[in-house]
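Source file data.cif; content: mmCIF, C-alpha atoms.
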```cif
data_query
#
loop_
_atom_site.label_atom_id
_atom_site.label_comp_id
_atom_site.auth_asym_id
_atom_site.auth_seq_id
_atom_site.Cartn_x
_atom_site.Cartn_y
_atom_site.Cartn_z
CA MET A 1 -15.93 -19.91 14.35
CA SER A 2 -14.80 -22.49 11.96
CA SER A 3 -11.82 -23.69 9.96
CA ASP A 4 -14.08 -24.63 7.05
CA ILE A 5 -16.06 -21.89 5.38
CA ASP A 6 -18.83 -22.08 2.80
CA ILE A 7 -18.46 -19.60 -0.01
CA SER A 8 -20.43 -18.76 -3.13
CA LEU A 9 -18.83 -16.55 -5.75
CA THR A 10 -18.59 -15.87 -9.47
CA VAL A 11 -15.46 -17.08 -11.24
CA ASN A 12 -15.08 -16.16 -14.91
CA GLY A 13 -18.81 -15.60 -15.17
CA GLU A 14 -19.80 -18.91 -13.59
CA ARG A 15 -21.38 -19.24 -10.17
CA VAL A 16 -19.43 -21.62 -7.91
CA SER A 17 -20.08 -22.77 -4.34
CA ARG A 18 -17.49 -24.62 -2.30
CA ARG A 19 -16.48 -25.35 1.26
CA VAL A 20 -12.90 -24.15 1.77
CA GLU A 21 -10.34 -24.40 4.52
CA ALA A 22 -9.97 -20.95 6.11
CA ARG A 23 -6.27 -20.77 5.30
CA ARG A 24 -6.81 -21.58 1.59
CA HIS A 25 -5.60 -18.63 -0.48
CA LEU A 26 -7.31 -17.65 -3.70
CA ILE A 27 -4.69 -19.19 -6.00
CA ASP A 28 -4.83 -22.62 -4.37
CA PHE A 29 -8.62 -22.34 -4.52
CA LEU A 30 -8.52 -21.57 -8.25
CA ARG A 31 -5.91 -24.18 -9.10
CA LEU A 32 -6.65 -27.04 -6.74
CA ASP A 33 -10.39 -26.70 -6.13
CA LEU A 34 -11.53 -25.35 -9.51
CA GLY A 35 -8.77 -26.71 -11.76
CA LEU A 36 -7.97 -23.30 -13.24
CA MET A 37 -4.22 -23.65 -13.74
CA GLY A 38 -3.61 -20.36 -15.57
CA SER A 39 -2.89 -18.39 -12.39
CA HIS A 40 0.54 -19.34 -11.14
CA THR A 41 1.84 -19.89 -7.63
CA GLY A 42 5.19 -18.18 -7.21
CA CYS A 43 6.54 -16.82 -3.96
CA GLU A 44 3.29 -17.10 -1.97
CA HIS A 45 4.07 -14.01 0.06
CA GLY A 46 3.05 -11.19 -2.22
CA VAL A 47 6.33 -10.32 -3.88
CA CYS A 48 6.45 -11.90 -7.35
CA GLY A 49 3.08 -11.12 -8.96
CA ALA A 50 2.77 -14.49 -10.76
CA CYS A 51 -0.58 -15.01 -9.02
CA THR A 52 -2.17 -11.73 -10.16
CA VAL A 53 -5.94 -12.12 -10.74
CA ARG A 54 -8.92 -9.78 -10.59
CA VAL A 55 -11.31 -9.53 -7.67
CA ASP A 56 -14.34 -7.30 -8.23
CA GLY A 57 -12.62 -5.79 -11.25
CA ASN A 58 -9.32 -4.89 -9.58
CA ILE A 59 -6.02 -6.75 -9.84
CA VAL A 60 -4.84 -8.36 -6.61
CA ARG A 61 -2.20 -10.76 -5.39
CA GLY A 62 -4.08 -14.05 -5.32
CA CYS A 63 -1.75 -15.42 -2.64
CA LEU A 64 -2.65 -12.51 -0.31
CA VAL A 65 -6.41 -13.04 -0.46
CA LEU A 66 -8.24 -15.76 1.44
CA ALA A 67 -10.83 -17.68 -0.52
CA ALA A 68 -12.95 -17.66 2.66
CA ALA A 69 -13.18 -13.86 2.43
CA LEU A 70 -14.59 -13.92 -1.10
CA ASP A 71 -18.19 -14.96 -0.50
CA GLY A 72 -20.19 -12.97 -3.05
CA ALA A 73 -17.14 -11.71 -4.94
CA THR A 74 -16.45 -11.71 -8.66
CA VAL A 75 -13.14 -13.26 -9.67
CA GLU A 76 -11.57 -13.16 -13.12
CA THR A 77 -8.53 -15.15 -14.13
CA ILE A 78 -6.42 -15.34 -17.26
CA GLU A 79 -8.75 -18.07 -18.53
CA GLY A 80 -11.74 -15.75 -18.24
CA VAL A 81 -10.20 -12.71 -19.86
CA SER A 82 -8.76 -14.91 -22.63
CA ASP A 83 -12.22 -16.29 -23.40
CA THR A 84 -13.82 -12.86 -23.59
CA GLY A 85 -11.14 -11.59 -25.95
CA GLU A 86 -10.60 -8.52 -23.79
CA ILE A 87 -6.81 -8.74 -23.94
CA ARG A 88 -6.36 -10.51 -27.27
CA ASP A 89 -4.20 -7.68 -28.60
CA LEU A 90 -1.92 -7.87 -25.57
CA GLN A 91 -1.61 -11.62 -25.92
CA GLU A 92 -0.79 -11.32 -29.63
CA ALA A 93 1.82 -8.66 -28.91
CA PHE A 94 3.41 -10.85 -26.22
CA VAL A 95 3.72 -13.64 -28.79
CA ALA A 96 4.98 -11.35 -31.55
CA ARG A 97 7.64 -9.80 -29.28
CA ASN A 98 8.62 -13.12 -27.68
CA ALA A 99 7.60 -11.58 -24.35
CA CYS A 100 6.23 -14.86 -22.98
CA GLN A 101 9.63 -16.53 -22.66
CA CYS A 102 9.14 -19.35 -20.13
CA GLY A 103 5.53 -18.25 -19.57
CA TYR A 104 5.49 -18.43 -15.81
CA CYS A 105 4.97 -14.71 -15.16
CA THR A 106 2.87 -14.16 -18.30
CA PRO A 107 -0.68 -14.41 -16.91
CA GLY A 108 0.19 -11.96 -14.13
CA MET A 109 2.00 -9.66 -16.54
CA LEU A 110 -0.99 -9.63 -18.91
CA LEU A 111 -3.53 -8.81 -16.22
CA THR A 112 -1.28 -6.11 -14.77
CA ALA A 113 -0.64 -4.64 -18.22
CA ALA A 114 -4.38 -4.64 -18.90
CA ALA A 115 -4.95 -2.72 -15.65
CA LEU A 116 -2.27 -0.21 -16.61
CA LEU A 117 -3.77 0.45 -20.03
CA LYS A 118 -7.19 0.90 -18.50
CA SER A 119 -5.92 3.62 -16.13
CA ASN A 120 -3.35 5.15 -18.48
CA ALA A 121 -3.98 4.68 -22.21
CA GLN A 122 -0.63 6.08 -23.33
CA PRO A 123 2.00 5.25 -20.74
CA THR A 124 5.66 6.05 -21.27
CA ARG A 125 8.17 3.19 -21.11
CA GLU A 126 9.10 4.44 -17.65
CA GLU A 127 5.47 4.29 -16.53
CA ILE A 128 5.11 0.79 -17.98
CA ARG A 129 8.20 -0.34 -16.06
CA GLU A 130 6.95 1.21 -12.84
CA TYR A 131 3.48 -0.32 -13.14
CA LEU A 132 4.91 -3.77 -13.90
CA SER A 133 7.58 -3.50 -11.20
CA GLY A 134 5.58 -5.73 -8.87
CA ASN A 135 5.62 -8.58 -11.40
CA TYR A 136 8.87 -10.48 -11.60
CA CYS A 137 10.13 -12.20 -14.73
CA ARG A 138 12.82 -14.69 -13.74
CA CYS A 139 13.86 -15.01 -17.39
CA THR A 140 14.64 -11.29 -16.86
CA GLY A 141 13.35 -10.48 -20.32
CA TYR A 142 11.65 -7.28 -19.29
CA HIS A 143 12.52 -5.39 -22.47
CA ALA A 144 10.34 -7.63 -24.61
CA ILE A 145 7.47 -7.28 -22.14
CA VAL A 146 7.71 -3.48 -22.06
CA ASP A 147 7.93 -3.50 -25.88
CA ALA A 148 4.74 -5.56 -26.13
CA VAL A 149 2.78 -3.33 -23.76
CA GLU A 150 4.03 -0.20 -25.52
CA THR A 151 3.03 -1.65 -28.90
CA VAL A 152 -0.52 -2.31 -27.72
CA ALA A 153 -0.84 1.14 -26.16
CA ARG A 154 0.14 2.65 -29.52
CA GLN A 155 -2.17 0.36 -31.47
CA ARG A 156 -5.12 1.14 -29.23
CA SER A 157 -4.60 4.89 -29.21
CA GLY A 158 -4.03 4.82 -32.98
CA LYS A 159 -7.37 3.10 -33.42
CA ALA A 160 -9.06 5.48 -31.02
CA GLY A 161 -7.65 8.44 -32.95
CA ALA A 162 -8.57 7.05 -36.38
CA MET B 1 4.65 -21.49 1.86
CA LYS B 2 1.29 -22.18 3.43
CA ALA B 3 -0.24 -20.44 6.42
CA PRO B 4 -0.76 -22.51 9.56
CA PRO B 5 -4.34 -23.69 10.12
CA PHE B 6 -6.62 -21.11 11.69
CA ALA B 7 -10.31 -20.47 12.25
CA TYR B 8 -12.02 -17.66 10.37
CA VAL B 9 -14.96 -15.53 11.34
CA ARG B 10 -16.43 -12.54 9.53
CA ALA B 11 -17.71 -9.55 11.49
CA ALA B 12 -20.80 -7.90 10.01
CA SER B 13 -20.64 -4.71 12.06
CA LEU B 14 -18.39 -2.87 14.50
CA ALA B 15 -20.53 -4.06 17.41
CA ASP B 16 -19.89 -7.59 16.19
CA VAL B 17 -16.11 -7.30 16.30
CA PHE B 18 -15.41 -6.97 20.01
CA PRO B 19 -17.30 -10.00 21.37
CA LEU B 20 -15.87 -12.14 18.55
CA TRP B 21 -12.37 -10.85 19.30
CA ARG B 22 -12.67 -11.52 23.00
CA ALA B 23 -14.06 -15.01 22.42
CA ALA B 24 -11.29 -15.86 19.97
CA GLY B 25 -8.48 -15.71 22.53
CA PRO B 26 -5.42 -13.55 23.06
CA GLU B 27 -3.57 -14.63 19.90
CA ALA B 28 -6.45 -13.84 17.50
CA LYS B 29 -5.83 -11.16 14.88
CA LEU B 30 -8.02 -8.83 12.85
CA LEU B 31 -7.91 -9.30 9.09
CA ALA B 32 -8.40 -6.13 7.02
CA GLY B 33 -6.68 -6.00 3.60
CA GLY B 34 -4.34 -8.80 4.66
CA GLN B 35 -1.43 -7.59 2.57
CA THR B 36 1.02 -7.86 5.45
CA LEU B 37 -0.80 -10.29 7.71
CA LEU B 38 -1.30 -13.03 5.12
CA ALA B 39 2.34 -12.75 4.01
CA SER B 40 3.51 -13.07 7.61
CA LEU B 41 1.26 -16.10 8.10
CA ALA B 42 2.76 -17.67 4.97
CA PHE B 43 6.14 -17.27 6.66
CA ARG B 44 4.61 -18.71 9.84
CA LEU B 45 5.83 -15.69 11.77
CA SER B 46 2.67 -15.88 13.83
CA ASP B 47 0.01 -18.45 14.67
CA PRO B 48 -3.11 -16.43 15.51
CA GLY B 49 -5.51 -19.35 15.94
CA THR B 50 -8.38 -17.24 14.66
CA LEU B 51 -8.69 -14.44 12.12
CA ILE B 52 -11.57 -12.02 12.52
CA ASP B 53 -12.32 -10.56 9.11
CA ILE B 54 -13.36 -6.90 9.51
CA ALA B 55 -13.23 -6.04 5.80
CA ARG B 56 -17.03 -5.79 5.55
CA VAL B 57 -17.57 -3.55 8.56
CA ALA B 58 -19.25 -0.57 6.90
CA GLU B 59 -18.54 1.80 9.82
CA LEU B 60 -14.80 1.55 9.07
CA ARG B 61 -15.14 2.73 5.46
CA GLY B 62 -15.38 6.03 3.67
CA ILE B 63 -13.65 9.40 3.38
CA SER B 64 -15.54 12.44 4.64
CA GLN B 65 -15.03 16.03 5.72
CA VAL B 66 -15.67 16.63 9.42
CA GLY B 67 -15.28 20.32 10.22
CA ASP B 68 -11.69 21.27 9.36
CA ALA B 69 -10.58 17.66 9.21
CA ILE B 70 -10.72 14.86 6.67
CA ARG B 71 -11.81 11.61 8.28
CA VAL B 72 -10.52 8.49 6.56
CA GLY B 73 -12.06 5.16 7.54
CA ALA B 74 -9.50 2.55 8.55
CA LEU B 75 -10.53 0.20 5.75
CA THR B 76 -9.82 2.77 3.03
CA THR B 77 -7.43 1.13 0.59
CA HIS B 78 -4.31 2.79 -0.71
CA ALA B 79 -5.91 2.80 -4.18
CA GLU B 80 -8.99 4.57 -2.80
CA LEU B 81 -6.76 7.17 -1.12
CA GLY B 82 -4.99 7.74 -4.43
CA ALA B 83 -8.26 8.12 -6.33
CA SER B 84 -9.98 10.45 -3.84
CA GLU B 85 -10.49 14.03 -4.96
CA MET B 86 -11.00 15.04 -1.31
CA ILE B 87 -7.60 13.60 -0.36
CA ARG B 88 -5.89 15.18 -3.37
CA GLN B 89 -7.32 18.55 -2.47
CA HIS B 90 -7.11 18.58 1.34
CA VAL B 91 -4.44 16.01 2.23
CA PRO B 92 -2.14 16.25 -0.79
CA LEU B 93 0.83 14.73 1.03
CA VAL B 94 -1.07 11.44 1.39
CA ALA B 95 -2.08 11.52 -2.29
CA GLU B 96 1.59 11.97 -3.15
CA ALA B 97 2.57 9.05 -0.90
CA VAL B 98 0.26 6.49 -2.52
CA PRO B 99 2.35 5.73 -5.64
CA LEU B 100 5.31 5.00 -3.36
CA ILE B 101 3.42 2.27 -1.49
CA ALA B 102 4.13 -1.24 -2.84
CA HIS B 103 2.50 -2.06 -6.21
CA PRO B 104 -0.93 -1.52 -7.82
CA ALA B 105 -2.24 -5.02 -6.99
CA ILE B 106 -1.30 -4.54 -3.33
CA ARG B 107 -2.65 -0.99 -3.20
CA ASN B 108 -6.01 -2.37 -4.32
CA ARG B 109 -6.35 -4.33 -1.08
CA GLY B 110 -3.99 -2.90 1.53
CA THR B 111 -5.63 -0.45 3.94
CA ILE B 112 -4.48 2.66 5.79
CA GLY B 113 -5.64 1.21 9.11
CA GLY B 114 -3.68 -1.96 8.50
CA SER B 115 -0.56 -0.01 7.61
CA LEU B 116 -0.75 2.11 10.79
CA ALA B 117 -1.59 -0.84 13.05
CA PHE B 118 1.31 -2.86 11.67
CA ALA B 119 3.62 0.15 12.18
CA ASP B 120 6.45 -0.85 9.89
CA PRO B 121 9.22 1.71 10.46
CA ALA B 122 9.84 1.99 6.71
CA ALA B 123 6.18 2.51 5.75
CA GLU B 124 5.04 5.78 4.20
CA LEU B 125 1.62 6.38 5.78
CA PRO B 126 2.75 6.33 9.43
CA ALA B 127 5.31 9.03 8.58
CA CYS B 128 2.66 11.09 6.75
CA CYS B 129 0.34 10.87 9.77
CA VAL B 130 3.06 12.16 12.11
CA ALA B 131 4.08 14.91 9.67
CA LEU B 132 0.48 16.10 9.28
CA GLU B 133 -0.36 15.84 12.99
CA ALA B 134 -3.19 13.42 12.25
CA ALA B 135 -5.26 11.85 15.01
CA ILE B 136 -5.78 8.10 15.18
CA ILE B 137 -9.35 7.32 16.19
CA ALA B 138 -9.15 4.15 18.25
CA ARG B 139 -12.21 2.13 19.13
CA SER B 140 -12.78 -0.55 21.73
CA ALA B 141 -15.80 -2.15 23.35
CA SER B 142 -15.81 0.68 25.89
CA GLY B 143 -15.78 3.54 23.36
CA GLU B 144 -13.63 5.77 21.22
CA ARG B 145 -10.48 7.77 21.94
CA ARG B 146 -8.19 10.00 19.88
CA ILE B 147 -4.47 9.36 19.84
CA PRO B 148 -2.15 11.97 18.29
CA ALA B 149 -0.10 10.26 15.58
CA ALA B 150 3.14 11.43 17.23
CA GLN B 151 2.21 9.33 20.30
CA PHE B 152 0.77 6.40 18.39
CA PHE B 153 3.96 4.74 17.17
CA THR B 154 5.70 3.50 20.29
CA GLY B 155 8.46 1.31 18.87
CA LEU B 156 9.33 -1.35 16.34
CA TYR B 157 5.99 -2.69 15.04
CA ALA B 158 4.45 -1.35 18.26
CA THR B 159 1.58 1.10 18.74
CA ALA B 160 -0.40 2.74 21.54
CA LEU B 161 -3.41 0.53 20.80
CA ALA B 162 -4.58 -1.38 23.85
CA GLU B 163 -5.64 -5.01 23.85
CA HIS B 164 -8.84 -5.52 21.82
CA GLU B 165 -8.71 -1.94 20.52
CA LEU B 166 -8.73 -1.22 16.79
CA ILE B 167 -8.24 1.75 14.50
CA ALA B 168 -11.61 3.05 13.35
CA ALA B 169 -10.42 6.06 11.37
CA ILE B 170 -7.69 8.62 10.87
CA GLU B 171 -8.39 12.34 10.99
CA PHE B 172 -6.12 14.61 9.00
CA PRO B 173 -6.30 18.38 9.46
CA ALA B 174 -7.19 19.85 6.05
CA ALA B 175 -4.18 21.56 4.46
CA LYS B 176 -4.10 25.33 4.89
CA PRO B 177 -3.80 27.48 1.74
CA ALA B 178 -0.07 28.17 2.22
CA GLU B 179 0.73 24.61 3.24
CA ARG B 180 3.13 22.52 1.20
CA GLY B 181 3.97 18.89 1.74
CA VAL B 182 6.44 16.57 0.12
CA ILE B 183 7.31 12.91 0.52
CA LEU B 184 10.52 11.49 -0.90
CA GLU B 185 12.17 8.14 -0.50
CA LEU B 186 15.08 6.17 -1.82
CA ALA B 187 14.48 2.51 -2.62
CA ARG B 188 16.48 0.17 -4.82
CA ARG B 189 13.39 -0.67 -6.88
CA CYS B 190 10.13 1.22 -7.02
CA GLY B 191 7.60 -0.36 -4.69
CA ASP B 192 10.23 -1.72 -2.33
CA TYR B 193 10.49 -0.55 1.25
CA ALA B 194 12.56 2.61 1.46
CA MET B 195 16.20 2.60 2.53
CA ALA B 196 15.36 6.06 3.86
CA GLY B 197 12.52 8.49 3.36
CA VAL B 198 11.13 11.81 4.54
CA ALA B 199 7.62 13.21 4.83
CA ALA B 200 7.70 16.97 5.27
CA ARG B 201 5.17 19.73 5.70
CA ALA B 202 5.42 23.49 6.23
CA GLN B 203 3.48 26.71 5.76
CA ILE B 204 5.21 28.71 3.05
CA ASN B 205 5.36 32.34 4.08
CA GLY B 206 7.16 34.63 1.63
CA GLY B 207 9.58 31.84 0.70
CA ALA B 208 10.21 30.94 4.34
CA LEU B 209 9.27 27.64 5.98
CA ALA B 210 6.93 28.34 8.88
CA ASP B 211 5.75 25.64 11.30
CA PRO B 212 7.82 22.92 9.60
CA ARG B 213 7.41 19.21 10.35
CA LEU B 214 10.06 16.76 9.16
CA VAL B 215 9.47 13.05 9.68
CA PHE B 216 11.95 10.41 8.57
CA PHE B 217 11.12 6.77 7.93
CA GLY B 218 13.23 3.67 7.40
CA VAL B 219 15.87 5.12 9.70
CA GLY B 220 14.61 4.16 13.17
CA GLU B 221 12.25 1.90 15.07
CA SER B 222 9.27 4.11 14.17
CA PRO B 223 8.72 7.39 12.28
CA VAL B 224 11.27 9.92 13.58
CA LEU B 225 10.29 13.55 14.11
CA ALA B 226 13.48 15.51 13.37
CA LYS B 227 13.07 18.25 15.96
CA ALA B 228 16.57 19.72 15.75
CA ALA B 229 16.40 19.98 11.96
CA MET B 230 12.92 21.52 12.27
CA ALA B 231 14.26 24.14 14.66
CA ALA B 232 17.14 24.88 12.26
CA ILE B 233 14.80 25.77 9.39
CA ALA B 234 11.79 27.22 11.22
CA GLY B 235 10.85 30.62 9.77
CA LYS B 236 13.73 30.63 7.29
CA PRO B 237 13.99 30.28 3.52
CA PRO B 238 15.90 27.19 2.35
CA THR B 239 19.17 28.91 1.51
CA PRO B 240 22.31 26.76 1.18
CA GLU B 241 23.29 27.87 4.72
CA THR B 242 19.92 26.94 6.23
CA ILE B 243 19.93 23.59 4.46
CA ALA B 244 23.45 22.85 5.70
CA ALA B 245 22.46 23.76 9.26
CA ALA B 246 19.41 21.48 9.09
CA GLN B 247 21.50 18.66 7.66
CA ALA B 248 24.00 19.06 10.51
CA ALA B 249 21.17 19.03 13.03
CA LEU B 250 20.06 15.61 11.74
CA ALA B 251 23.08 14.16 13.51
CA THR B 252 21.24 14.63 16.81
CA ASP B 253 17.80 13.69 15.43
CA LEU B 254 18.65 10.35 13.85
CA ASP B 255 20.27 7.24 15.24
CA PRO B 256 19.53 4.74 12.49
CA PRO B 257 20.13 1.07 13.16
CA ALA B 258 21.80 -0.99 10.45
CA ASP B 259 19.38 -3.12 8.46
CA LEU B 260 19.37 -5.10 5.23
CA HIS B 261 19.24 -1.87 3.26
CA GLY B 262 22.29 -0.14 4.62
CA SER B 263 24.63 0.89 7.39
CA PRO B 264 23.86 3.71 9.84
CA ALA B 265 26.38 5.96 8.05
CA MET B 266 24.72 5.34 4.69
CA LYS B 267 21.25 6.00 6.09
CA ARG B 268 22.43 9.24 7.68
CA HIS B 269 23.85 10.30 4.34
CA LEU B 270 20.63 9.44 2.49
CA ALA B 271 18.58 11.33 5.09
CA ARG B 272 20.70 14.46 4.57
CA VAL B 273 20.26 14.23 0.80
CA LEU B 274 16.49 13.74 1.13
CA LEU B 275 16.21 16.62 3.58
CA ALA B 276 17.83 19.06 1.15
CA ARG B 277 15.62 17.90 -1.71
CA ALA B 278 12.48 18.14 0.42
CA LEU B 279 13.22 21.68 1.62
CA ILE B 280 13.90 22.91 -1.91
CA ARG B 281 10.79 21.25 -3.30
CA MET B 282 8.52 22.68 -0.64
CA THR B 283 9.43 26.24 -1.55
CA GLY B 284 10.03 25.64 -5.26
CA THR B 285 7.78 26.48 -8.16
CA GLN B 286 5.40 23.88 -9.56
CA GLU B 287 7.97 23.09 -12.26
CA ALA B 288 10.76 22.60 -9.76
CA ARG B 289 8.51 20.41 -7.64
CA ALA B 290 7.70 18.27 -10.62
CA ALA B 291 11.37 17.92 -11.58
#
```

Show how you would write the structure in this file as structure tokens.
Amino acid sequence: MSSDIDISLTVNGERVSRRVEARRHLIDFLRLDLGLMGSHTGCEHGVCGACTVRVDGNIVRGCLVLAAALDGATVETIEGVSDTGEIRDLQEAFVARNACQCGYCTPGMLLTAAALLKSNAQPTREEIREYLSGNYCRCTGYHAIVDAVETVARQRSGKAGA
Amino acid sequence: MKAPPFAYVRAASLADVFPLWRAAGPEAKLLAGGQTLLASLAFRLSDPGTLIDIARVAELRGISQVGDAIRVGALTTHAELGASEMIRQHVPLVAEAVPLIAHPAIRNRGTIGGSLAFADPAAELPACCVALEAAIIARSASGERRIPAAQFFTGLYATALAEHELIAAIEFPAAKPAERGVILELARRCGDYAMAGVAARAQINGGALADPRLVFFGVGESPVLAKAAMAAIAGKPPTPETIAAAQAALATDLDPPADLHGSPAMKRHLARVLLARALIRMTGTQEARAA
């Protein structure tokens, strides 16, 4: 048993190996050990959603996952999904609708919105609100965020139907 | 906030867990999905010294049919429960509960075993287990035993698990053809812990509620089986008179403590409202149930 754990995992497509303190959560690992500052540290107890990232394809609270537990895992952050262009339309809609505001919740909002649209291509505004309800925006500008997600859902389904 | 320092060890198999657990000392805790444990460590509510990560123990995974029961491995996540066709078909109450549990990112990691072992009085799955007369399959170094869900939750955050005993699986009886279940809760925001909730199940027999089970959550130290209200509706259709009698009976079933979400009087009121809605939905048409 040890307080320092060796892990090897894939982050945004790149293989990384590090020795981490057992108590290091995924967001501190990404920010402090790997220098990936796009995932934000908010409440650090699973309430605010600012630290939302993907582990093995699914969104998680980065503050409620230990880096030590992720040996062999695949992690994707806002930097990774920005580079691949996967959510470019969502990002453009957030800019167009002024849904970024202060920007603190934005990476988590984007990854959560992307997960919603993957599971439900045409959500109602109510469904968008419910899905995003675990991501807090302290600017409280939720309308703009819901507008942006709704816009992209319409754009994507319009394209799919065309 | 940051968790206190601790040691970490990963168990590769069930046989691995018990010697590691014993060696790690009395304060050591098992780490499954970590959605409650890691938050409580961030608050420094506990200082376990060592975490034993059981998330990769294959024997604790999977959903399968065993005779007339559906066996759900303790490490099954809420998201996996929600996506399972077997659960939707045979344990529909649990499928209906999943969207009420926290948020998608938490449902992707939180496990049913973790939820039951933590035994939060406002949690949905403990109430579902009691309503459906599930069995908790507990495992220790000396073997396996079955604990009826109604005897599993022994108090506030307390369970019948012995020292160095874990939850291996949960067995739900498959729903009978005439069985209806419903789970309803009232929370200020979706995903929050409920101010009050009810998980209910009955066999619908010509519009009457046979063999009803009514379990309230968020209104006591553990899930509360509302025996007086159950007796008031047993074998009857949910007429306004029956509903009123069941609501009156709740006065003897429930003794809610005040908490951050409301006073005892408010919780009693919410429980009466939820009870009426649950009884109507269980006997209603598909359209009424969806409304």

Go through the shown structure with the PyMOL selection byres ((chain B) within 9 of (chain A)) and write out the matching residues as a ChimeraX atom specification.
/B:1-10,20,24,33-43,50-51,53,55,102-109,189-192

Ground truth for the PyMOL selection byres ((chain A and resi 91-100) around 7), written as number ranges by chain
A: 87-90, 101-103, 106, 144-145, 148, 152

Tell me, as a PDB file with C-alpha atoms, in the frame of the given file, which residues lie within 12 Å of Lys176 in chain B, counting all atoms listed in the file; anything in the same chain fewer than 2 positions away does not count.
```pdb
ATOM      1  CA  ASP B  68     -11.690  21.270   9.360  1.00  0.00           C
ATOM      2  CA  ALA B  69     -10.580  17.660   9.210  1.00  0.00           C
ATOM      3  CA  GLN B  89      -7.320  18.550  -2.470  1.00  0.00           C
ATOM      4  CA  HIS B  90      -7.110  18.580   1.340  1.00  0.00           C
ATOM      5  CA  VAL B  91      -4.440  16.010   2.230  1.00  0.00           C
ATOM      6  CA  PRO B  92      -2.140  16.250  -0.790  1.00  0.00           C
ATOM      7  CA  LEU B 132       0.480  16.100   9.280  1.00  0.00           C
ATOM      8  CA  PHE B 172      -6.120  14.610   9.000  1.00  0.00           C
ATOM      9  CA  PRO B 173      -6.300  18.380   9.460  1.00  0.00           C
ATOM     10  CA  ALA B 174      -7.190  19.850   6.050  1.00  0.00           C
ATOM     11  CA  ALA B 178      -0.070  28.170   2.220  1.00  0.00           C
ATOM     12  CA  GLU B 179       0.730  24.610   3.240  1.00  0.00           C
ATOM     13  CA  ARG B 180       3.130  22.520   1.200  1.00  0.00           C
ATOM     14  CA  GLY B 181       3.970  18.890   1.740  1.00  0.00           C
ATOM     15  CA  ARG B 201       5.170  19.730   5.700  1.00  0.00           C
ATOM     16  CA  ALA B 202       5.420  23.490   6.230  1.00  0.00           C
ATOM     17  CA  GLN B 203       3.480  26.710   5.760  1.00  0.00           C
ATOM     18  CA  ILE B 204       5.210  28.710   3.050  1.00  0.00           C
ATOM     19  CA  ASN B 205       5.360  32.340   4.080  1.00  0.00           C
ATOM     20  CA  ASP B 211       5.750  25.640  11.300  1.00  0.00           C
TER      21      ASP B 211
END
```

Using all atoms listed in the file, give me every residue within 12 Å of (-10.3, -13.4, -20.2) in file coordinates, as an mmCIF file with C-alpha atoms, in the frame of the given file.
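Output file out25.cif is given in full below:
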```cif
data_model
loop_
_atom_site.group_PDB
_atom_site.id
_atom_site.type_symbol
_atom_site.label_atom_id
_atom_site.label_comp_id
_atom_site.auth_asym_id
_atom_site.auth_seq_id
_atom_site.Cartn_x
_atom_site.Cartn_y
_atom_site.Cartn_z
ATOM 1 C CA VAL A 11 -15.460 -17.080 -11.240
ATOM 2 C CA ASN A 12 -15.080 -16.160 -14.910
ATOM 3 C CA GLY A 13 -18.810 -15.600 -15.170
ATOM 4 C CA GLY A 38 -3.610 -20.360 -15.570
ATOM 5 C CA SER A 39 -2.890 -18.390 -12.390
ATOM 6 C CA VAL A 53 -5.940 -12.120 -10.740
ATOM 7 C CA ARG A 54 -8.920 -9.780 -10.590
ATOM 8 C CA GLY A 57 -12.620 -5.790 -11.250
ATOM 9 C CA VAL A 75 -13.140 -13.260 -9.670
ATOM 10 C CA GLU A 76 -11.570 -13.160 -13.120
ATOM 11 C CA THR A 77 -8.530 -15.150 -14.130
ATOM 12 C CA ILE A 78 -6.420 -15.340 -17.260
ATOM 13 C CA GLU A 79 -8.750 -18.070 -18.530
ATOM 14 C CA GLY A 80 -11.740 -15.750 -18.240
ATOM 15 C CA VAL A 81 -10.200 -12.710 -19.860
ATOM 16 C CA SER A 82 -8.760 -14.910 -22.630
ATOM 17 C CA ASP A 83 -12.220 -16.290 -23.400
ATOM 18 C CA THR A 84 -13.820 -12.860 -23.590
ATOM 19 C CA GLY A 85 -11.140 -11.590 -25.950
ATOM 20 C CA GLU A 86 -10.600 -8.520 -23.790
ATOM 21 C CA ILE A 87 -6.810 -8.740 -23.940
ATOM 22 C CA ARG A 88 -6.360 -10.510 -27.270
ATOM 23 C CA ASP A 89 -4.200 -7.680 -28.600
ATOM 24 C CA LEU A 90 -1.920 -7.870 -25.570
ATOM 25 C CA GLN A 91 -1.610 -11.620 -25.920
ATOM 26 C CA PRO A 107 -0.680 -14.410 -16.910
ATOM 27 C CA LEU A 110 -0.990 -9.630 -18.910
ATOM 28 C CA LEU A 111 -3.530 -8.810 -16.220
ATOM 29 C CA ALA A 114 -4.380 -4.640 -18.900
#
```

Which residues fall under the PyMOL selection byres ((chain B and resi 113) around 7) in this file, as an MDAnalysis selection string?
chainID B and resid 74:75 111:112 114:117 167

note - CA of Cys128 in chain B and CA of Val57 in chain B are separated by 25.0 Å

Distance query range 241-244 of chain B at most 9 Å, all atoms listed in the file, self and fewer than 6 positions along chain excluded, as a PDB file with C-alpha atoms, keeping the file's coordinate frame:
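The resulting out-v7.pdb:
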```
ATOM      1  CA  ALA B 232      17.140  24.880  12.260  1.00  0.00           C
ATOM      2  CA  ILE B 233      14.800  25.770   9.390  1.00  0.00           C
ATOM      3  CA  ARG B 272      20.700  14.460   4.570  1.00  0.00           C
ATOM      4  CA  LEU B 275      16.210  16.620   3.580  1.00  0.00           C
ATOM      5  CA  ALA B 276      17.830  19.060   1.150  1.00  0.00           C
ATOM      6  CA  LEU B 279      13.220  21.680   1.620  1.00  0.00           C
ATOM      7  CA  ILE B 280      13.900  22.910  -1.910  1.00  0.00           C
TER       8      ILE B 280
END
```
